[in-house]
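A.B. asks: The file below is protein.pdb, PDB, C-alpha atoms:
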```
ATOM      1  CA  MET A 392    -101.008  21.685 125.196
ATOM      2  CA  ALA A 393    -102.216  20.375 128.567
ATOM      3  CA  ASN A 394     -98.593  19.348 129.155
ATOM      4  CA  ILE A 395     -97.579  23.018 129.047
ATOM      5  CA  GLY A 396    -100.290  23.916 131.566
ATOM      6  CA  PRO A 397    -100.592  27.578 130.513
ATOM      7  CA  ALA A 398    -102.489  28.624 133.642
ATOM      8  CA  MET A 399    -100.093  26.814 135.979
ATOM      9  CA  SER A 400     -97.011  28.189 134.204
ATOM     10  CA  PHE A 401     -98.405  31.699 134.254
ATOM     11  CA  PHE A 402     -99.692  31.565 137.832
ATOM     12  CA  PHE A 403     -96.433  30.376 139.350
ATOM     13  CA  GLY A 404     -93.840  31.515 136.824
ATOM     14  CA  PHE A 405     -94.723  35.062 135.839
ATOM     15  CA  GLY A 406     -94.130  36.680 139.227
ATOM     16  CA  LEU A 407     -90.477  35.673 139.233
ATOM     17  CA  ILE A 408     -90.061  36.716 135.582
ATOM     18  CA  ALA A 409     -91.437  40.177 136.409
ATOM     19  CA  THR A 410     -89.166  40.476 139.449
ATOM     20  CA  THR A 411     -86.202  39.481 137.298
ATOM     21  CA  ALA A 412     -86.820  41.369 134.053
ATOM     22  CA  GLY A 413     -88.908  44.295 135.278
ATOM     23  CA  LEU A 414     -91.808  46.144 133.683
ATOM     24  CA  ALA A 415     -91.042  44.933 130.165
ATOM     25  CA  SER A 416     -90.921  41.289 131.259
ATOM     26  CA  PRO A 417     -93.579  40.351 128.644
ATOM     27  CA  LEU A 418     -90.774  40.887 126.112
ATOM     28  CA  THR A 419     -88.848  37.965 127.632
ATOM     29  CA  ILE A 420     -91.896  35.802 126.914
ATOM     30  CA  VAL A 421     -91.981  37.074 123.320
ATOM     31  CA  ALA A 422     -88.253  36.266 122.966
ATOM     32  CA  ALA A 423     -88.850  32.797 124.440
ATOM     33  CA  ALA A 424     -91.772  32.208 122.061
ATOM     34  CA  VAL A 425     -89.572  33.065 119.072
ATOM     35  CA  ALA A 426     -86.805  30.737 120.282
ATOM     36  CA  ILE A 427     -89.326  27.943 120.890
ATOM     37  CA  ALA A 428     -90.861  28.445 117.437
ATOM     38  CA  LEU A 429     -87.450  28.186 115.748
ATOM     39  CA  LEU A 430     -86.513  25.068 117.734
ATOM     40  CA  GLY A 431     -89.974  23.629 117.103
ATOM     41  CA  ASN A 432     -89.495  24.020 113.380
ATOM     42  CA  THR A 433     -86.136  22.209 113.570
ATOM     43  CA  LEU A 434     -87.614  19.331 115.590
ATOM     44  CA  ALA A 435     -90.611  19.100 113.250
ATOM     45  CA  GLN A 436     -88.229  18.679 110.312
ATOM     46  CA  PHE A 437     -86.368  15.912 112.157
ATOM     47  CA  SER A 438     -89.646  14.286 113.128
ATOM     48  CA  ARG A 439     -90.785  14.245 109.505
ATOM     49  CA  VAL A 440     -87.666  12.335 108.459
ATOM     50  CA  GLN A 441     -87.376  10.125 111.554
ATOM     51  CA  PRO A 442     -90.690   9.748 113.426
ATOM     52  CA  SER A 443     -89.959   8.559 116.968
ATOM     53  CA  THR A 444     -91.376   8.528 120.488
ATOM     54  CA  GLY A 445     -87.855   9.360 121.666
ATOM     55  CA  GLY A 446     -87.983  12.838 120.136
ATOM     56  CA  PHE A 447     -84.700  14.718 120.257
ATOM     57  CA  ILE A 448     -82.893  11.864 122.034
ATOM     58  CA  THR A 449     -83.391   9.751 118.918
ATOM     59  CA  PHE A 450     -82.458  12.651 116.627
ATOM     60  CA  VAL A 451     -79.202  13.286 118.516
ATOM     61  CA  GLY A 452     -78.451   9.561 118.485
ATOM     62  CA  LYS A 453     -79.016   9.228 114.743
ATOM     63  CA  THR A 454     -76.890  12.303 114.065
ATOM     64  CA  PHE A 455     -73.987  12.047 116.510
ATOM     65  CA  GLY A 456     -74.003   8.404 117.589
ATOM     66  CA  GLY A 457     -74.653   6.315 120.682
ATOM     67  CA  THR A 458     -72.519   8.165 123.238
ATOM     68  CA  SER A 459     -74.229  11.478 122.494
ATOM     69  CA  ALA A 460     -77.611   9.763 122.637
ATOM     70  CA  VAL A 461     -76.892   8.277 126.082
ATOM     71  CA  ALA A 462     -75.659  11.671 127.327
ATOM     72  CA  THR A 463     -78.795  13.356 125.937
ATOM     73  CA  ALA A 464     -81.047  10.689 127.452
ATOM     74  CA  LEU A 465     -79.464  11.174 130.884
ATOM     75  CA  ILE A 466     -79.593  14.977 130.740
ATOM     76  CA  ALA A 467     -83.182  14.933 129.440
ATOM     77  CA  ALA A 468     -84.224  12.413 132.087
ATOM     78  CA  ILE A 469     -82.767  14.478 134.931
ATOM     79  CA  GLY A 470     -84.083  17.760 133.517
ATOM     80  CA  TYR A 471     -87.614  16.485 132.995
ATOM     81  CA  ILE A 472     -87.736  14.865 136.420
ATOM     82  CA  VAL A 473     -86.682  18.137 138.085
ATOM     83  CA  ALA A 474     -89.220  20.070 135.981
ATOM     84  CA  MET A 475     -92.033  17.664 136.781
ATOM     85  CA  ALA A 476     -91.034  17.646 140.457
ATOM     86  CA  ALA A 477     -92.019  21.329 140.466
ATOM     87  CA  VAL A 478     -95.434  20.451 139.006
ATOM     88  CA  ILE A 479     -95.869  17.599 141.469
ATOM     89  CA  ALA A 480     -95.020  19.900 144.396
ATOM     90  CA  ILE A 481     -97.282  22.701 143.229
ATOM     91  CA  SER A 482    -100.280  20.371 142.700
ATOM     92  CA  GLY A 483    -100.558  19.659 146.424
ATOM     93  CA  GLY A 484     -99.339  23.139 147.264
ATOM     94  CA  PHE A 485    -102.042  24.926 145.328
ATOM     95  CA  LEU A 486    -104.763  22.615 146.645
ATOM     96  CA  SER A 487    -103.518  23.443 150.147
ATOM     97  CA  ILE A 488    -103.758  27.165 149.305
ATOM     98  CA  ILE A 489    -107.314  26.755 147.972
ATOM     99  CA  LEU A 490    -108.494  24.759 150.995
ATOM    100  CA  ASN A 491    -106.920  27.314 153.307
ATOM    101  CA  HIS A 492    -108.396  30.275 151.440
ATOM    102  CA  TYR A 493    -111.965  29.011 151.099
ATOM    103  CA  LEU A 494    -112.446  26.546 153.956
ATOM    104  CA  HIS A 495    -109.687  27.661 156.385
ATOM    105  CA  TRP A 496    -108.409  24.082 156.490
ATOM    106  CA  ASN A 497    -104.689  23.813 157.202
ATOM    107  CA  ILE A 498    -103.675  20.640 155.444
ATOM    108  CA  PRO A 499     -99.904  20.593 154.771
ATOM    109  CA  TRP A 500     -98.981  20.386 151.086
ATOM    110  CA  GLY A 501     -96.556  17.610 151.983
ATOM    111  CA  ILE A 502     -99.590  15.391 152.606
ATOM    112  CA  LEU A 503    -101.712  16.495 149.649
ATOM    113  CA  THR A 504     -98.904  16.215 147.096
ATOM    114  CA  PRO A 505     -98.281  12.443 147.470
ATOM    115  CA  ILE A 506    -102.059  11.767 147.482
ATOM    116  CA  LEU A 507    -102.662  13.689 144.244
ATOM    117  CA  THR A 508     -99.575  12.140 142.669
ATOM    118  CA  ALA A 509    -100.743   8.640 143.562
ATOM    119  CA  LEU A 510    -104.159   9.323 142.009
ATOM    120  CA  ALA A 511    -102.529  10.673 138.852
ATOM    121  CA  VAL A 512    -100.244   7.640 138.612
ATOM    122  CA  LEU A 513    -103.213   5.297 138.998
ATOM    123  CA  MET A 514    -104.910   7.062 136.114
ATOM    124  CA  MET A 515    -101.769   6.873 133.972
ATOM    125  CA  ILE A 516    -101.427   3.157 134.645
ATOM    126  CA  ARG A 517    -104.996   2.632 133.446
ATOM    127  CA  GLY A 518    -103.911   3.886 130.051
ATOM    128  CA  ILE A 519    -103.030   6.980 128.093
ATOM    129  CA  ALA A 520    -106.502   7.415 126.522
ATOM    130  CA  VAL A 521    -108.299   8.070 129.833
ATOM    131  CA  SER A 522    -105.628  10.368 131.246
ATOM    132  CA  THR A 523    -105.193  12.303 127.998
ATOM    133  CA  LYS A 524    -108.954  12.900 127.732
ATOM    134  CA  LEU A 525    -109.049  14.283 131.291
ATOM    135  CA  ALA A 526    -105.960  16.454 130.723
ATOM    136  CA  GLY A 527    -107.613  17.829 127.551
ATOM    137  CA  LEU A 528    -110.779  18.686 129.475
ATOM    138  CA  PHE A 529    -108.752  20.531 132.128
ATOM    139  CA  PHE A 530    -106.916  22.412 129.394
ATOM    140  CA  GLY A 531    -110.164  23.662 127.813
ATOM    141  CA  PHE A 532    -111.376  24.955 131.176
ATOM    142  CA  GLU A 533    -108.142  26.737 132.114
ATOM    143  CA  MET A 534    -107.886  28.463 128.731
ATOM    144  CA  THR A 535    -111.465  29.744 129.034
ATOM    145  CA  VAL A 536    -110.773  31.168 132.501
ATOM    146  CA  LEU A 537    -107.446  32.718 131.427
ATOM    147  CA  ILE A 538    -109.132  34.498 128.516
ATOM    148  CA  VAL A 539    -112.161  35.646 130.552
ATOM    149  CA  VAL A 540    -110.025  37.055 133.392
ATOM    150  CA  SER A 541    -107.588  38.734 130.973
ATOM    151  CA  VAL A 542    -110.400  40.392 129.026
ATOM    152  CA  ALA A 543    -112.099  41.491 132.273
ATOM    153  CA  VAL A 544    -108.837  43.058 133.522
ATOM    154  CA  LEU A 545    -108.303  44.873 130.230
ATOM    155  CA  ILE A 546    -111.866  46.212 130.268
ATOM    156  CA  LYS A 547    -111.618  47.295 133.911
ATOM    157  CA  ASN A 548    -108.280  49.061 133.339
ATOM    158  CA  GLY A 549    -109.090  50.279 129.829
ATOM    159  CA  GLY A 550    -108.306  53.870 130.738
ATOM    160  CA  HIS A 551    -104.804  53.072 132.027
ATOM    161  CA  LEU A 552    -103.499  50.866 129.247
ATOM    162  CA  SER A 553     -99.948  51.648 128.121
ATOM    163  CA  LEU A 554     -97.325  50.102 125.875
ATOM    164  CA  ALA A 555     -94.618  50.388 128.557
ATOM    165  CA  PRO A 556     -94.556  46.592 129.230
ATOM    166  CA  LEU A 557     -93.596  46.120 125.579
ATOM    167  CA  GLU A 558     -90.823  48.721 125.420
ATOM    168  CA  PRO A 559     -87.284  47.266 125.591
ATOM    169  CA  SER A 560     -86.083  50.314 127.555
ATOM    170  CA  HIS A 561     -88.198  49.108 130.498
ATOM    171  CA  ILE A 562     -86.361  45.812 130.923
ATOM    172  CA  SER A 563     -84.393  45.903 134.195
ATOM    173  CA  HIS A 564     -80.647  46.218 133.521
ATOM    174  CA  GLY A 565     -81.093  45.850 129.750
ATOM    175  CA  LEU A 566     -79.734  42.676 128.217
ATOM    176  CA  THR A 567     -78.743  41.300 131.635
ATOM    177  CA  GLY A 568     -82.385  41.417 132.748
ATOM    178  CA  LEU A 569     -83.542  39.910 129.473
ATOM    179  CA  ALA A 570     -80.970  37.110 129.804
ATOM    180  CA  ALA A 571     -82.012  36.397 133.401
ATOM    181  CA  GLY A 572     -85.713  36.356 132.534
ATOM    182  CA  PHE A 573     -85.273  34.337 129.343
ATOM    183  CA  PRO A 574     -84.779  30.852 130.893
ATOM    184  CA  LEU A 575     -87.723  31.494 133.207
ATOM    185  CA  ALA A 576     -89.848  32.436 130.198
ATOM    186  CA  ILE A 577     -88.697  29.296 128.369
ATOM    187  CA  TYR A 578     -89.844  27.338 131.422
ATOM    188  CA  LEU A 579     -93.406  28.566 130.809
ATOM    189  CA  PHE A 580     -93.427  26.611 127.545
ATOM    190  CA  ILE A 581     -92.056  23.281 128.779
ATOM    191  CA  GLY A 582     -94.144  20.519 127.273
ATOM    192  CA  TRP A 583     -94.333  22.095 123.805
ATOM    193  CA  GLU A 584     -91.765  19.623 122.460
ATOM    194  CA  LYS A 585     -94.246  16.800 122.966
ATOM    195  CA  ARG A 586     -95.981  17.997 119.786
ATOM    196  CA  THR A 587     -92.893  17.133 117.745
ATOM    197  CA  ARG A 588     -92.796  13.485 118.878
ATOM    198  CA  ARG A 589     -94.583  10.725 117.013
TER     199      ARG A 589
ATOM    200  CA  MET B 648     -98.918  44.119 134.319
ATOM    201  CA  THR B 649    -102.081  46.049 133.548
ATOM    202  CA  GLY B 650    -103.834  44.540 136.560
ATOM    203  CA  PHE B 651    -101.076  45.918 138.817
ATOM    204  CA  GLY B 652    -101.044  49.360 137.186
ATOM    205  CA  ASP B 653     -97.621  48.569 135.648
ATOM    206  CA  ASN B 654     -96.178  48.472 139.178
ATOM    207  CA  VAL B 655     -93.553  45.717 139.268
ATOM    208  CA  THR B 656     -92.935  46.082 143.011
ATOM    209  CA  LYS B 657     -96.595  45.425 143.783
ATOM    210  CA  LEU B 658     -96.626  42.514 141.356
ATOM    211  CA  GLY B 659     -93.488  41.074 142.947
ATOM    212  CA  GLN B 660     -95.109  41.161 146.377
ATOM    213  CA  SER B 661     -97.919  38.918 145.187
ATOM    214  CA  ALA B 662     -97.203  35.201 145.484
ATOM    215  CA  ILE B 663     -99.590  34.385 142.613
ATOM    216  CA  PRO B 664    -100.136  37.608 140.622
ATOM    217  CA  PHE B 665    -102.910  36.233 138.409
ATOM    218  CA  ILE B 666    -104.945  35.186 141.442
ATOM    219  CA  THR B 667    -104.462  38.606 143.045
ATOM    220  CA  VAL B 668    -105.716  40.289 139.855
ATOM    221  CA  ALA B 669    -108.613  37.836 139.542
ATOM    222  CA  ASN B 670    -109.613  38.549 143.169
ATOM    223  CA  SER B 671    -109.632  42.303 142.625
ATOM    224  CA  THR B 672    -111.388  42.085 139.251
ATOM    225  CA  LEU B 673    -113.898  39.270 139.595
ATOM    226  CA  GLY B 674    -114.613  39.180 143.320
ATOM    227  CA  ALA B 675    -116.351  35.928 144.250
ATOM    228  CA  PHE B 676    -115.988  34.640 140.687
ATOM    229  CA  ALA B 677    -112.221  34.485 141.277
ATOM    230  CA  PHE B 678    -113.004  30.991 142.531
ATOM    231  CA  PHE B 679    -112.927  29.913 138.888
ATOM    232  CA  ALA B 680    -109.360  31.254 138.580
ATOM    233  CA  TYR B 681    -108.355  29.116 141.581
ATOM    234  CA  LEU B 682    -110.095  26.144 140.015
ATOM    235  CA  ALA B 683    -108.409  26.782 136.652
ATOM    236  CA  GLY B 684    -105.004  26.887 138.361
ATOM    237  CA  PHE B 685    -105.726  23.603 140.085
ATOM    238  CA  THR B 686    -107.058  21.797 137.008
ATOM    239  CA  SER B 687    -104.148  23.206 134.996
ATOM    240  CA  THR B 688    -101.674  21.808 137.507
ATOM    241  CA  LEU B 689    -103.371  18.422 137.493
ATOM    242  CA  GLY B 690    -103.563  18.432 133.683
ATOM    243  CA  ALA B 691     -99.855  19.305 133.437
ATOM    244  CA  LEU B 692     -99.052  16.627 136.022
ATOM    245  CA  ILE B 693    -100.924  13.897 134.155
ATOM    246  CA  ALA B 694     -99.872  14.936 130.644
ATOM    247  CA  GLY B 695     -96.300  15.758 131.703
ATOM    248  CA  VAL B 696     -95.535  12.538 133.551
ATOM    249  CA  ASN B 697     -97.270  10.528 130.814
ATOM    250  CA  SER B 698     -95.172  12.171 128.136
ATOM    251  CA  GLN B 699     -91.815  12.473 129.870
ATOM    252  CA  ALA B 700     -91.949   8.985 131.372
ATOM    253  CA  ARG B 701     -92.540   7.656 127.859
ATOM    254  CA  LEU B 702     -89.417   9.466 126.685
ATOM    255  CA  GLN B 703     -87.420   7.540 129.264
ATOM    256  CA  PHE B 704     -89.322   4.352 128.499
ATOM    257  CA  ASN B 705     -88.249   4.748 124.884
ATOM    258  CA  ALA B 706     -84.650   5.469 125.918
ATOM    259  CA  GLY B 707     -84.737   2.260 127.991
ATOM    260  CA  ARG B 708     -86.191   0.305 125.070
ATOM    261  CA  GLU B 709     -83.400   1.577 122.807
ATOM    262  CA  GLY B 710     -80.763   0.669 125.418
ATOM    263  CA  LEU B 711     -79.767   4.285 126.162
ATOM    264  CA  LEU B 712     -80.979   3.966 129.780
ATOM    265  CA  PRO B 713     -81.243   0.715 131.813
ATOM    266  CA  ARG B 714     -83.408  -1.722 129.833
ATOM    267  CA  TRP B 715     -85.789  -2.489 132.731
ATOM    268  CA  ILE B 716     -87.202   1.034 132.299
ATOM    269  CA  GLY B 717     -88.241   0.070 128.778
ATOM    270  CA  LYS B 718     -90.627  -2.712 129.826
ATOM    271  CA  VAL B 719     -94.429  -2.348 129.736
ATOM    272  CA  ASP B 720     -97.051  -3.805 132.064
ATOM    273  CA  ALA B 721     -98.123  -7.208 130.724
ATOM    274  CA  THR B 722    -101.874  -6.576 130.963
ATOM    275  CA  ARG B 723    -102.364  -2.834 130.510
ATOM    276  CA  ARG B 724     -99.430  -2.291 128.113
ATOM    277  CA  THR B 725     -98.465   0.929 129.907
ATOM    278  CA  PRO B 726     -94.842   1.836 130.853
ATOM    279  CA  VAL B 727     -95.452   1.277 134.551
ATOM    280  CA  ARG B 728     -91.787   0.942 135.564
ATOM    281  CA  SER B 729     -90.853   4.145 133.801
ATOM    282  CA  ILE B 730     -93.771   6.021 135.412
ATOM    283  CA  PHE B 731     -92.937   4.694 138.896
ATOM    284  CA  ALA B 732     -89.224   5.485 138.507
ATOM    285  CA  PHE B 733     -90.012   8.983 137.234
ATOM    286  CA  VAL B 734     -92.445   9.862 140.025
ATOM    287  CA  SER B 735     -90.341   8.265 142.780
ATOM    288  CA  ILE B 736     -87.228  10.232 141.829
ATOM    289  CA  ALA B 737     -89.276  13.446 141.537
ATOM    290  CA  LEU B 738     -90.734  12.955 145.024
ATOM    291  CA  ALA B 739     -87.260  12.164 146.349
ATOM    292  CA  ILE B 740     -85.946  15.433 144.873
ATOM    293  CA  ILE B 741     -88.716  17.359 146.650
ATOM    294  CA  GLY B 742     -87.870  15.529 149.881
ATOM    295  CA  VAL B 743     -84.151  16.288 149.628
ATOM    296  CA  TRP B 744     -84.888  19.945 148.782
ATOM    297  CA  ALA B 745     -87.165  20.210 151.825
ATOM    298  CA  LEU B 746     -84.549  18.565 154.020
ATOM    299  CA  LEU B 747     -81.792  20.908 152.823
ATOM    300  CA  HIS B 748     -84.021  23.941 153.388
ATOM    301  CA  ALA B 749     -84.909  22.709 156.859
ATOM    302  CA  VAL B 750     -81.234  22.162 157.691
ATOM    303  CA  HIS B 751     -79.831  25.380 156.172
ATOM    304  CA  GLY B 752     -82.604  27.901 155.806
ATOM    305  CA  GLY B 753     -85.309  26.972 158.268
ATOM    306  CA  THR B 754     -88.797  25.941 157.253
ATOM    307  CA  GLY B 755     -90.000  29.502 156.517
ATOM    308  CA  ALA B 756     -89.203  29.089 152.818
ATOM    309  CA  LEU B 757     -90.536  25.560 152.744
ATOM    310  CA  ASN B 758     -93.417  26.128 150.393
ATOM    311  CA  PRO B 759     -94.118  24.750 146.919
ATOM    312  CA  ILE B 760     -93.965  28.158 145.216
ATOM    313  CA  THR B 761     -90.381  28.574 146.440
ATOM    314  CA  PHE B 762     -89.608  25.101 145.147
ATOM    315  CA  PHE B 763     -91.240  25.921 141.795
ATOM    316  CA  ASP B 764     -89.111  29.077 141.487
ATOM    317  CA  GLU B 765     -85.865  27.463 142.533
ATOM    318  CA  SER B 766     -86.231  24.249 140.577
ATOM    319  CA  SER B 767     -87.254  26.077 137.396
ATOM    320  CA  THR B 768     -83.730  27.468 137.136
ATOM    321  CA  MET B 769     -81.967  24.852 139.258
ATOM    322  CA  GLY B 770     -81.226  27.634 141.746
ATOM    323  CA  THR B 771     -79.232  29.708 139.234
ATOM    324  CA  VAL B 772     -81.608  32.709 139.104
ATOM    325  CA  SER B 773     -83.798  32.256 142.162
ATOM    326  CA  GLY B 774     -82.397  30.788 145.319
ATOM    327  CA  PRO B 775     -80.154  31.453 148.302
ATOM    328  CA  GLY B 776     -77.873  34.415 147.583
ATOM    329  CA  ARG B 777     -79.739  35.277 144.377
ATOM    330  CA  ILE B 778     -83.139  36.744 143.552
ATOM    331  CA  PRO B 779     -85.328  35.552 146.438
ATOM    332  CA  ALA B 780     -88.202  33.312 145.519
ATOM    333  CA  LEU B 781     -91.653  34.827 145.903
ATOM    334  CA  GLN B 782     -93.019  34.496 149.388
ATOM    335  CA  PRO B 783     -96.723  33.855 149.835
ATOM    336  CA  GLY B 784     -98.632  36.687 151.471
ATOM    337  CA  PRO B 785    -100.972  36.165 154.428
ATOM    338  CA  ALA B 786    -103.835  35.015 152.186
ATOM    339  CA  VAL B 787    -101.817  32.122 150.872
ATOM    340  CA  LEU B 788     -99.645  31.227 153.846
ATOM    341  CA  LEU B 789     -99.088  27.547 153.908
ATOM    342  CA  PRO B 790     -99.453  25.379 156.977
TER     343      PRO B 790
END
```
Translate this file's structure into structure tokens.

C.D. replies:
Amino acid sequence: MANIGPAMSFFFGFGLIATTAGLASPLTIVAAAVAIALLGNTLAQFSRVQPSTGGFITFVGKTFGGTSAVATALIAAIGYIVAMAAVIAISGGFLSIILNHYLHWNIPWGILTPILTALAVLMMIRGIAVSTKLAGLFFGFEMTVLIVVSVAVLIKNGGHLSLAPLEPSHISHGLTGLAAGFPLAIYLFIGWEKRTRR
Amino acid sequence: MTGFGDNVTKLGQSAIPFITVANSTLGAFAFFAYLAGFTSTLGALIAGVNSQARLQFNAGREGLLPRWIGKVDATRRTPVRSIFAFVSIALAIIGVWALLHAVHGGTGALNPITFFDESSTMGTVSGPGRIPALQPGPAVLLP
């Protein structure tokens, strides 16, 4: 779950989803959750029959042969590297924002990002147990804060609550808006597929 | 949505909507929202690279990618080569993106939130000529 980084995904992903899909943008997240659940079920079935660290690369290979497996491995490698590049960039970027906001220090994110990445790599090299424990701790903290802030906002705005964000008629440009917001909503869940690997 | 009074325009003007809402709702305690965002990013960085680099390590071990990626460190038994390759290419992608922005679009859009938006859809939804990436407001202007 730490791989998904719910707070990070929501902090940096939701604004663009809302701009793309409009007031009912939460529906794109619901649609993405359904799609992820269906795909998750499929991968879980594969994983039960063929447990593998390779996940869907192995499943594609076993089903369609070596060429498909190599193609999947290359596409997955490129896709994951691009996705993680965003996380790597935002790690230094957000620290830069925090330092600027609270201490008025102007340290460029281009300096902070490589430093944080190097520290993370050092931890990963030390072994998966240490890094996983720390990632789990971070996850517990972020979930607590997400829930507390969400509940506080709902209480504060209790008198103005409406179901408009959940009405399909409020999606910008109908299906076009839903289609444009859908891949962004899927992006919020990246990391979920780790649960299907063994 | 509720925190912005269901106003999408206002939400779209905020670089990090959740932080804006946390600031207006919790005041000084919004610090914890900043901290949660930071720990979340670090957690995703550690867990993500760990997991995804292992996927490529496994592909290397099975001969689907170059076999040298599938080797582990002799003492720690961790997929060091895969991790280094993964992180190096990711940093190179950020560097190339920054260079292209500097050459074509100026450095105004050279912030990590723009990169996050554009890379999340490989520039197909957000990017030059499409929906503009969110621009940080004065409170989060980057150096």

A.B. asks: Tell me which residues the PyMOL selection byres ((chain B and resi 737) around 12) grabs here, as a PyMOL selection string.

C.D. replies: (chain A and resi 468-480+504-505+508) or (chain B and resi 692+696+699-700+730-736+738-744+766)

A.B. asks: Could the residues in this selection be saved with C-alpha atoms as a JSON list (two decimals), in the frame of the given file?

C.D. replies:
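Contents of the output file again.json:
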```
[["chain", "number", "residue", "atom", "x", "y", "z"],
["A", 468, "ALA", "CA", -84.22, 12.41, 132.09],
["A", 469, "ILE", "CA", -82.77, 14.48, 134.93],
["A", 470, "GLY", "CA", -84.08, 17.76, 133.52],
["A", 471, "TYR", "CA", -87.61, 16.48, 133.00],
["A", 472, "ILE", "CA", -87.74, 14.86, 136.42],
["A", 473, "VAL", "CA", -86.68, 18.14, 138.08],
["A", 474, "ALA", "CA", -89.22, 20.07, 135.98],
["A", 475, "MET", "CA", -92.03, 17.66, 136.78],
["A", 476, "ALA", "CA", -91.03, 17.65, 140.46],
["A", 477, "ALA", "CA", -92.02, 21.33, 140.47],
["A", 478, "VAL", "CA", -95.43, 20.45, 139.01],
["A", 479, "ILE", "CA", -95.87, 17.60, 141.47],
["A", 480, "ALA", "CA", -95.02, 19.90, 144.40],
["A", 504, "THR", "CA", -98.90, 16.22, 147.10],
["A", 505, "PRO", "CA", -98.28, 12.44, 147.47],
["A", 508, "THR", "CA", -99.58, 12.14, 142.67],
["B", 692, "LEU", "CA", -99.05, 16.63, 136.02],
["B", 696, "VAL", "CA", -95.54, 12.54, 133.55],
["B", 699, "GLN", "CA", -91.82, 12.47, 129.87],
["B", 700, "ALA", "CA", -91.95, 8.98, 131.37],
["B", 730, "ILE", "CA", -93.77, 6.02, 135.41],
["B", 731, "PHE", "CA", -92.94, 4.69, 138.90],
["B", 732, "ALA", "CA", -89.22, 5.48, 138.51],
["B", 733, "PHE", "CA", -90.01, 8.98, 137.23],
["B", 734, "VAL", "CA", -92.44, 9.86, 140.02],
["B", 735, "SER", "CA", -90.34, 8.26, 142.78],
["B", 736, "ILE", "CA", -87.23, 10.23, 141.83],
["B", 738, "LEU", "CA", -90.73, 12.96, 145.02],
["B", 739, "ALA", "CA", -87.26, 12.16, 146.35],
["B", 740, "ILE", "CA", -85.95, 15.43, 144.87],
["B", 741, "ILE", "CA", -88.72, 17.36, 146.65],
["B", 742, "GLY", "CA", -87.87, 15.53, 149.88],
["B", 743, "VAL", "CA", -84.15, 16.29, 149.63],
["B", 744, "TRP", "CA", -84.89, 19.94, 148.78],
["B", 766, "SER", "CA", -86.23, 24.25, 140.58]]
```

A.B. asks: Would you mind listing what lies within 12 Å of Ile666 in chain B as a short mmCIF file (atom, residue, chain, number, x, y, z; two decimals) with C-alpha atoms, in the frame of the given file, with all atoms listed in the file counted and same-chain residues fewer than 6 positions away left out?

C.D. replies:
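Result saved to out_12.cif:
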```cif
data_model
loop_
_atom_site.label_atom_id
_atom_site.label_comp_id
_atom_site.auth_asym_id
_atom_site.auth_seq_id
_atom_site.Cartn_x
_atom_site.Cartn_y
_atom_site.Cartn_z
CA ALA A 398 -102.49 28.62 133.64
CA MET A 399 -100.09 26.81 135.98
CA PHE A 401 -98.40 31.70 134.25
CA PHE A 402 -99.69 31.56 137.83
CA PHE A 403 -96.43 30.38 139.35
CA PHE A 405 -94.72 35.06 135.84
CA GLY A 406 -94.13 36.68 139.23
CA PHE A 485 -102.04 24.93 145.33
CA ILE A 488 -103.76 27.16 149.30
CA ILE A 489 -107.31 26.76 147.97
CA HIS A 492 -108.40 30.28 151.44
CA VAL A 536 -110.77 31.17 132.50
CA LEU A 537 -107.45 32.72 131.43
CA VAL A 540 -110.02 37.06 133.39
CA SER A 541 -107.59 38.73 130.97
CA VAL A 544 -108.84 43.06 133.52
CA GLY B 650 -103.83 44.54 136.56
CA PHE B 651 -101.08 45.92 138.82
CA LEU B 658 -96.63 42.51 141.36
CA THR B 672 -111.39 42.08 139.25
CA LEU B 673 -113.90 39.27 139.60
CA GLY B 674 -114.61 39.18 143.32
CA ALA B 675 -116.35 35.93 144.25
CA PHE B 676 -115.99 34.64 140.69
CA ALA B 677 -112.22 34.48 141.28
CA PHE B 678 -113.00 30.99 142.53
CA PHE B 679 -112.93 29.91 138.89
CA ALA B 680 -109.36 31.25 138.58
CA TYR B 681 -108.36 29.12 141.58
CA LEU B 682 -110.10 26.14 140.01
CA ALA B 683 -108.41 26.78 136.65
CA GLY B 684 -105.00 26.89 138.36
CA PHE B 685 -105.73 23.60 140.08
CA PRO B 783 -96.72 33.85 149.84
CA GLY B 784 -98.63 36.69 151.47
CA ALA B 786 -103.84 35.02 152.19
CA VAL B 787 -101.82 32.12 150.87
#
```

A.B. asks: Figure out the distance between CA of Ile562 in chain A and CA of Ser416 in chain A, please, to one decimal in Å.

C.D. replies: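 The value is 6.4 Å.
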
A.B. asks: Identify which of the residues A:Leu566, A:Leu528, A:Leu494, A:Val440 lies closest to chain B, counting only C-alpha atoms when measuring atom-to-atom distances.

C.D. replies: A:Leu528

A.B. asks: Show me the residues close to (-80.0, 5.9, 120.6) - anything with an atom within 9 Å, counting all atoms listed in the file - and format the list as number ranges by chain.

C.D. replies: A: 445, 448-453, 456-461, 464; B: 706, 709-711

A.B. asks: Record the distance separating CA of Met534 in chain A and CA of Pro397 in chain A, expressed in Å with one decimal.

C.D. replies: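 CA of Met534 in chain A sits 7.6 Å away from CA of Pro397 in chain A.
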
A.B. asks: Have a look at CA of Asn491 in chain A and CA of Ala749 in chain B and let me know their distance in Å, one decimal.

C.D. replies: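 Spanning CA of Asn491 in chain A to CA of Ala749 in chain B is a straight-line distance of 22.8 Å.
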
A.B. asks: Using the chain letters and residue numbers of this document, give as a list in words the residues selected by the PyMOL selection byres ((chain A and resi 572) around 7).

C.D. replies: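 Here the PyMOL selection byres ((chain A and resi 572) around 7) matches Ile408, Thr411, Ala412, Thr419, Gly568, Leu569, Ala570, Ala571, Phe573, Pro574, Leu575 and Ala576 of chain A.
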
A.B. asks: Can you sort out the box for range 682-694 of chain B, edges along x, y and z, all listed atoms in, 3 Å on every side, with centre and edge lengths in Å to one decimal, as JSON?

C.D. replies:
```
{"center_x": -104.6, "center_y": 20.4, "center_z": 135.4, "size_x": 17.0, "size_y": 19.0, "size_z": 15.4}
```
